[in-house]
Amino acid sequence: MNQTNDDNHILTEEETEELIVKFDRESNVRHFTGIPDIIIKCLLILFAVYVFWVTLIATLPEQVRRSAFLGILVFIGYLLYPARKGMTKRINYIPWYDFILGVLGSGSFFYYVINFRTIISRAVLIQPMDITVGIIGILILAELCRRVVGLPILVVATGFITFAFIDGFSLRRVIHQLFYTTDGVIGTPIGVCSTFIVLFIFLASFLEKSGIAKFFIDLANSVAGFSVGGPAKVAVIASALEGMISGSSVANTVGSGSVTIPMMKKTGYKPEFAAAVEAAASTGGQIVPPILGAAAFLMAEFTGIPYLVIAGSAILPALLYFTGIFFVVHFEAKKLGLEGLPKESIPRFLPLILTKGYLFLPVIILVVLMGVGFTPAYAACFGVLSAFIVSFFRKDTRFSRAGFVEAVTNGSRNTIGVAIACAVAGTIIGIVSLTGIGQLLIGQLTSIVNNPFLASTGTSLLVALIITMLTCLIIGMGIPTTANYVIMATITAPMVLNAGKAIGVEVPLLAAHMFVFYFGILADITPPVALAAYAGAAIAKSNPIMTAVNATRLAIAAFIVPFIFVFSPEMLLIGTTPLSFVQIIITSIIGMFNIAIGVEGFMLRKLGVPLRLVAIAAGLMLIDPGVILDLIGIAISAFVIFIHVIMYRKDKRKLAEAS
């Protein structure tokens, strides 16, 4: 579609790509044509071959596997990512120094691969050559991180490394820890990335090329397009579904938002609200099972809890998150008197499912395989294979040779940002392990939240959660969700557990880590740095800050639910029975209904401030699992609705008498 003067036009593929590059560093890559393009694609394909070979066939030592993984990506990274954004305009151009940096960086990691046995035998007594190679590898990795991920995570990592030197550790000891052990650059984060995350990135790439994203939008249209304010509800449903295959809030916002935001504006939603709906829903996509965000795989490794259990525990919080947005969107539409989409523009549900429902099969196969005992890595491999096979069921979804190559190369390229963030996050874990600074920070934070006054009032845990929330949001302003989770899980999650013990509350390990995971994601829509909201604002041509404020308001459930599941782990399916689970779902959805009318200030008519506050209070009681609170919440909710209906009928009588 060509550019028009209509602000509500659906973005072209080129415009969508420009927006993703603008707000997502990982998409800011060089462009190639001809022979250079073929060479780059061959390198990306060879990396994919390496990944699947290591997963399915080879048995390499962990240090070798992880170092080779990083070595390949560092070389490709310097070929793809320029030193500055403006340098992507020149086609087929790579500066000489990037070749040198790529070779030196890759060579540093392969030096470890080649000399693995010898270096291991030296233990901490590494030689000057080993130290030099380690320094070069870490510095070149840091520069690539600046290009791909950004400066904030480097600032944090540099602070931790500086502390190690201040604490008296020698250069030899620091380099050994960071470069030659599994407590540094090639530590747990890159281990999880190279084992699980990378395969799910390939799965997402294959699903995307199969046309599942368009199917999600069509499916959402067929379900909700006709209802009041339909396009906004379509955005909520489509983004929740697309979140299953996309690990990026920005990419999700731009991908589905390029279609849904113009539709919402055309229906009558204000630009700030339309962009906020898409940003909030797209950000929430990272908490949607079964794939979740990349950090969920790290959570499984850090906690020792099976990934499938983590995915299952995320079901109810994700449901409440999107239910809250859905209700607010509905009441906003009612308040503005908006209609749905014309019937002729809405796909029919049953024919759509019958013709394209097979695109869900890879996701179903993934869940079933993990459920019967396959590792996430093997399940993802079969998911990729099934996504390729089912694409041949129809001509319009069938993989062409070019489409297959693009799916593979996109998967390889999308791995670079996550892998580099994981590697740099590994340096933080390495310094924490070397110096004990983690225990020091945990001790200091624990002493703050467990002071006599807070302990006597029983608010230690609440204060610990608030500190953790604010820290996650602040650090998350410039750090990817994956790295944010690594830092917070290392430092603040133990503080939450200790604070719970101080007041006699046994906080489950999963609840503490899930709390950190949630608020790391929410940084994408929380002002002042809210990249997903800014991306949505660029499409809607709205004020970015107001868009972020609206997105935060829409995502109110995500700011409430984590606090509740820490105090009441039943929300994470911990210690629940089937009957209690059904009860929790029903009462929690009613609770979100109350919170939505309180936040929006509208149901059948406007609500006054006192009634809004009462509705929110009832909603909180209903969301918090517990029979007594549920009964009180239902009673208050019924009272609010009763009063509201009486006032609404009174307004109608007055209007009838006046006419």
# chains A, B, ... in the order shown; residues from 1 in each chain; ligands from 1
>>> residues_around(residues="Val486 in chain A", least_positions_apart="6", cutoff="12 Å", atoms="only C-alpha atoms", output="PyMOL selection string")
chain A and resi 153+157+187-190+192+294-303+421-430+432+472+475-476+479-480+492-493+513+516-517+520
>>> select_by_dssp(residues="range 155-304 of chain A", states="alpha helix (DSSP H)", output="PyMOL selection string")
chain A and resi 155-166+171-179+188-192+198-209+212-224+230-242+249-267+271-284+295-303
>>> closest_atom_pairs(of="range 385-437 of chain A", to="range 340-357 of chain A", cutoff="12 Å", atoms="only C-alpha atoms", output="CSV")
residue,atom,partner,partner_atom,distance
A:Val390,CA,A:Lys356,CA,10.0
A:Ser391,CA,A:Lys356,CA,9.8
A:Phe392,CA,A:Lys356,CA,11.4
A:Phe393,CA,A:Lys356,CA,8.9
A:Arg394,CA,A:Lys356,CA,8.3
A:Lys395,CA,A:Lys356,CA,11.3
A:Asp396,CA,A:Lys356,CA,10.1
A:Thr397,CA,A:Lys356,CA,9.0
A:Arg398,CA,A:Lys356,CA,11.9
>>> write_last_selection(atoms="C-alpha atoms", output="mmCIF file, in the first residue's frame")
data_model
loop_
_atom_site.group_PDB
_atom_site.id
_atom_site.type_symbol
_atom_site.label_atom_id
_atom_site.label_comp_id
_atom_site.auth_asym_id
_atom_site.auth_seq_id
_atom_site.Cartn_x
_atom_site.Cartn_y
_atom_site.Cartn_z
ATOM 1 C CA VAL A 390 2.137 -27.869 8.159
ATOM 2 C CA SER A 391 2.946 -24.888 5.974
ATOM 3 C CA PHE A 392 2.502 -27.215 2.972
ATOM 4 C CA PHE A 393 -1.147 -27.895 3.837
ATOM 5 C CA ARG A 394 -2.169 -24.846 1.785
ATOM 6 C CA LYS A 395 -0.557 -23.071 -1.138
ATOM 7 C CA ASP A 396 -0.770 -19.595 0.458
ATOM 8 C CA THR A 397 1.190 -20.692 3.569
ATOM 9 C CA ARG A 398 3.645 -23.023 1.830
#
>>> closest_residue(among="A:Met514, A:Ile564, A:Ile641, A:Val174", to="Ser433 in chain A", atoms="only C-alpha atoms")
A:Val174
>>> residues_around(residues="range 328-335 of chain A", least_positions_apart="2", cutoff="6 Å", atoms="only C-alpha atoms", output="PyMOL selection string")
chain A and resi 229+325-326+337-338+596
>>> write_last_selection(atoms="C-alpha atoms", output="PDB file, in the first residue's frame")
ATOM      1  CA  GLY A 229     -15.008  -1.023  20.013  1.00  0.00           C
ATOM      2  CA  ILE A 325      -7.090  -4.687  29.290  1.00  0.00           C
ATOM      3  CA  PHE A 326     -10.119  -6.172  27.522  1.00  0.00           C
ATOM      4  CA  GLY A 337     -20.214   5.321  21.898  1.00  0.00           C
ATOM      5  CA  LEU A 338     -18.039   3.372  19.463  1.00  0.00           C
ATOM      6  CA  ALA A 596     -11.650  -1.975  35.147  1.00  0.00           C
TER       7      ALA A 596
END
>>> residues_around(residues="Gln444 in chain A", least_positions_apart="4", cutoff="12 Å", atoms="only C-alpha atoms", output="JSON, numbers by chain")
{"A": [437, 438, 439, 440, 448, 449, 450, 451, 464, 491, 492, 494, 495, 498, 499]}
>>> closest_residue(among="A:Ile556, A:Ile595, A:Val529, A:Val64", to="Ile120 in chain A", atoms="only C-alpha atoms")
A:Val64
>>> closest_residue(among="A:Ala251, A:Leu141, A:Leu509, A:Ile474", to="Gly304 in chain A", atoms="only C-alpha atoms")
A:Leu509
>>> closest_residue(among="A:Leu359, A:Thr162, A:Ile91, A:Leu531", to="Lys214 in chain A", atoms="only C-alpha atoms")
A:Leu359
>>> closest_residue(among="A:Ala532, A:Leu44, A:Leu56, A:Ile161", to="Ser282 in chain A", atoms="only C-alpha atoms")
A:Ala532
>>> closest_residue(among="A:Ile623, A:Ala658, A:Ile420, A:Leu579", to="Ser194 in chain A", atoms="only C-alpha atoms")
A:Ile420
>>> residues_around(residues="Cys145 in chain A", least_positions_apart="2", cutoff="12 Å", atoms="only C-alpha atoms", output="VMD selection string")
chain A and resid 25 to 26 73 to 74 77 to 78 81 to 83 138 to 143 147 to 155 157 416 to 425 479 to 480 483
>>> atom_distance(atom1="CA of Gly255 in chain A", atom2="CA of Gly225 in chain A")
18.4 Å
>>> atom_distance(atom1="CA of Ile291 in chain A", atom2="CA of Phe200 in chain A")
7.7 Å
>>> residues_around(residues="Gly71 in chain A", least_positions_apart="5", cutoff="9 Å", atoms="only C-alpha atoms", output="ChimeraX atom specification")
/A:66,76,102,105-110
>>> residues_around(residues="Leu319 in chain A", least_positions_apart="6", cutoff="10 Å", atoms="only C-alpha atoms", output="list of chain:residue names")
A:Ala240, A:Ile287, A:Val288, A:Ala557, A:Ile585, A:Ser588, A:Ile589
>>> decode(residues="range 17-121 of chain A", atoms="C-alpha atoms", output="PDB file, in the first residue's frame")
ATOM      1  CA  GLU A  17      10.550  -2.222   9.162  1.00  0.00           C
ATOM      2  CA  GLU A  18      11.614   1.414   9.622  1.00  0.00           C
ATOM      3  CA  LEU A  19       9.730   1.642  12.916  1.00  0.00           C
ATOM      4  CA  ILE A  20      11.184  -1.592  14.243  1.00  0.00           C
ATOM      5  CA  VAL A  21      14.700  -0.375  13.405  1.00  0.00           C
ATOM      6  CA  LYS A  22      14.017   2.963  15.088  1.00  0.00           C
ATOM      7  CA  PHE A  23      12.887   1.516  18.420  1.00  0.00           C
ATOM      8  CA  ASP A  24      14.546  -1.905  18.456  1.00  0.00           C
ATOM      9  CA  ARG A  25      18.353  -1.872  18.430  1.00  0.00           C
ATOM     10  CA  GLU A  26      18.490  -5.536  17.455  1.00  0.00           C
ATOM     11  CA  SER A  27      16.851  -4.715  14.104  1.00  0.00           C
ATOM     12  CA  ASN A  28      19.395  -2.024  13.187  1.00  0.00           C
ATOM     13  CA  VAL A  29      21.420  -4.157  10.768  1.00  0.00           C
ATOM     14  CA  ARG A  30      23.396  -3.546   7.583  1.00  0.00           C
ATOM     15  CA  HIS A  31      21.844  -4.343   4.204  1.00  0.00           C
ATOM     16  CA  PHE A  32      23.396  -6.522   1.539  1.00  0.00           C
ATOM     17  CA  THR A  33      22.639  -7.522  -2.043  1.00  0.00           C
ATOM     18  CA  GLY A  34      24.164  -9.898  -4.549  1.00  0.00           C
ATOM     19  CA  ILE A  35      27.218 -11.965  -3.560  1.00  0.00           C
ATOM     20  CA  PRO A  36      27.686 -10.277  -0.116  1.00  0.00           C
ATOM     21  CA  ASP A  37      24.056 -11.072   0.712  1.00  0.00           C
ATOM     22  CA  ILE A  38      24.593 -14.730  -0.238  1.00  0.00           C
ATOM     23  CA  ILE A  39      27.733 -14.913   1.943  1.00  0.00           C
ATOM     24  CA  ILE A  40      25.962 -13.424   4.976  1.00  0.00           C
ATOM     25  CA  LYS A  41      23.007 -15.769   4.533  1.00  0.00           C
ATOM     26  CA  CYS A  42      25.348 -18.752   4.267  1.00  0.00           C
ATOM     27  CA  LEU A  43      27.001 -17.761   7.547  1.00  0.00           C
ATOM     28  CA  LEU A  44      23.605 -17.449   9.259  1.00  0.00           C
ATOM     29  CA  ILE A  45      22.525 -20.826   7.863  1.00  0.00           C
ATOM     30  CA  LEU A  46      25.780 -22.448   9.023  1.00  0.00           C
ATOM     31  CA  PHE A  47      25.136 -21.081  12.505  1.00  0.00           C
ATOM     32  CA  ALA A  48      21.660 -22.641  12.442  1.00  0.00           C
ATOM     33  CA  VAL A  49      23.170 -25.951  11.334  1.00  0.00           C
ATOM     34  CA  TYR A  50      25.632 -25.743  14.230  1.00  0.00           C
ATOM     35  CA  VAL A  51      22.818 -25.110  16.720  1.00  0.00           C
ATOM     36  CA  PHE A  52      20.744 -28.096  15.612  1.00  0.00           C
ATOM     37  CA  TRP A  53      23.835 -30.327  15.267  1.00  0.00           C
ATOM     38  CA  VAL A  54      24.908 -29.558  18.836  1.00  0.00           C
ATOM     39  CA  THR A  55      21.378 -30.112  20.134  1.00  0.00           C
ATOM     40  CA  LEU A  56      20.532 -33.324  18.319  1.00  0.00           C
ATOM     41  CA  ILE A  57      23.843 -35.057  17.602  1.00  0.00           C
ATOM     42  CA  ALA A  58      27.046 -33.724  19.167  1.00  0.00           C
ATOM     43  CA  THR A  59      28.183 -34.171  22.780  1.00  0.00           C
ATOM     44  CA  LEU A  60      30.662 -31.382  23.474  1.00  0.00           C
ATOM     45  CA  PRO A  61      31.909 -30.100  26.847  1.00  0.00           C
ATOM     46  CA  GLU A  62      29.769 -27.186  28.023  1.00  0.00           C
ATOM     47  CA  GLN A  63      32.657 -24.699  27.892  1.00  0.00           C
ATOM     48  CA  VAL A  64      33.459 -25.679  24.299  1.00  0.00           C
ATOM     49  CA  ARG A  65      29.847 -25.604  23.148  1.00  0.00           C
ATOM     50  CA  ARG A  66      29.131 -22.212  24.716  1.00  0.00           C
ATOM     51  CA  SER A  67      32.407 -20.606  23.567  1.00  0.00           C
ATOM     52  CA  ALA A  68      31.906 -21.806  19.982  1.00  0.00           C
ATOM     53  CA  PHE A  69      28.313 -20.529  20.078  1.00  0.00           C
ATOM     54  CA  LEU A  70      29.504 -17.062  21.133  1.00  0.00           C
ATOM     55  CA  GLY A  71      32.487 -17.094  18.792  1.00  0.00           C
ATOM     56  CA  ILE A  72      30.275 -17.608  15.746  1.00  0.00           C
ATOM     57  CA  LEU A  73      27.770 -14.954  16.837  1.00  0.00           C
ATOM     58  CA  VAL A  74      30.440 -12.351  17.635  1.00  0.00           C
ATOM     59  CA  PHE A  75      31.884 -12.655  14.120  1.00  0.00           C
ATOM     60  CA  ILE A  76      28.454 -12.468  12.451  1.00  0.00           C
ATOM     61  CA  GLY A  77      27.451  -9.652  14.810  1.00  0.00           C
ATOM     62  CA  TYR A  78      30.264  -7.388  13.642  1.00  0.00           C
ATOM     63  CA  LEU A  79      29.352  -8.066  10.027  1.00  0.00           C
ATOM     64  CA  LEU A  80      25.715  -7.113  10.631  1.00  0.00           C
ATOM     65  CA  TYR A  81      25.728  -4.349  13.248  1.00  0.00           C
ATOM     66  CA  PRO A  82      27.394  -0.982  12.536  1.00  0.00           C
ATOM     67  CA  ALA A  83      28.998   1.259  15.151  1.00  0.00           C
ATOM     68  CA  ARG A  84      26.236   3.855  14.660  1.00  0.00           C
ATOM     69  CA  LYS A  85      22.658   3.765  13.393  1.00  0.00           C
ATOM     70  CA  GLY A  86      23.235   6.026  10.406  1.00  0.00           C
ATOM     71  CA  MET A  87      25.833   3.652   8.977  1.00  0.00           C
ATOM     72  CA  THR A  88      23.216   1.146   7.763  1.00  0.00           C
ATOM     73  CA  LYS A  89      22.320   3.211   4.693  1.00  0.00           C
ATOM     74  CA  ARG A  90      25.304   2.092   2.614  1.00  0.00           C
ATOM     75  CA  ILE A  91      24.584  -1.192   0.845  1.00  0.00           C
ATOM     76  CA  ASN A  92      27.223  -3.957   0.904  1.00  0.00           C
ATOM     77  CA  TYR A  93      29.565  -1.903   3.094  1.00  0.00           C
ATOM     78  CA  ILE A  94      31.463  -3.220   6.115  1.00  0.00           C
ATOM     79  CA  PRO A  95      34.336  -1.061   7.463  1.00  0.00           C
ATOM     80  CA  TRP A  96      37.748  -2.770   7.636  1.00  0.00           C
ATOM     81  CA  TYR A  97      37.877  -2.352  11.415  1.00  0.00           C
ATOM     82  CA  ASP A  98      34.664  -4.354  11.861  1.00  0.00           C
ATOM     83  CA  PHE A  99      36.247  -7.274  10.016  1.00  0.00           C
ATOM     84  CA  ILE A 100      39.228  -7.061  12.375  1.00  0.00           C
ATOM     85  CA  LEU A 101      37.042  -6.774  15.481  1.00  0.00           C
ATOM     86  CA  GLY A 102      34.906  -9.694  14.320  1.00  0.00           C
ATOM     87  CA  VAL A 103      37.924 -11.909  13.661  1.00  0.00           C
ATOM     88  CA  LEU A 104      39.662 -10.972  16.930  1.00  0.00           C
ATOM     89  CA  GLY A 105      36.493 -11.420  18.997  1.00  0.00           C
ATOM     90  CA  SER A 106      35.599 -14.712  17.387  1.00  0.00           C
ATOM     91  CA  GLY A 107      39.229 -15.846  17.591  1.00  0.00           C
ATOM     92  CA  SER A 108      39.286 -15.153  21.324  1.00  0.00           C
ATOM     93  CA  PHE A 109      36.425 -17.557  21.962  1.00  0.00           C
ATOM     94  CA  PHE A 110      37.778 -20.174  19.577  1.00  0.00           C
ATOM     95  CA  TYR A 111      41.189 -19.860  21.275  1.00  0.00           C
ATOM     96  CA  TYR A 112      39.436 -21.239  24.362  1.00  0.00           C
ATOM     97  CA  VAL A 113      37.747 -23.961  22.270  1.00  0.00           C
ATOM     98  CA  ILE A 114      41.068 -25.098  20.779  1.00  0.00           C
ATOM     99  CA  ASN A 115      43.067 -24.881  24.018  1.00  0.00           C
ATOM    100  CA  PHE A 116      40.249 -26.002  26.313  1.00  0.00           C
ATOM    101  CA  ARG A 117      42.050 -28.986  27.944  1.00  0.00           C
ATOM    102  CA  THR A 118      45.271 -27.063  28.511  1.00  0.00           C
ATOM    103  CA  ILE A 119      43.533 -24.026  30.026  1.00  0.00           C
ATOM    104  CA  ILE A 120      41.382 -26.184  32.294  1.00  0.00           C
ATOM    105  CA  SER A 121      44.483 -27.968  33.593  1.00  0.00           C
TER     106      SER A 121
END
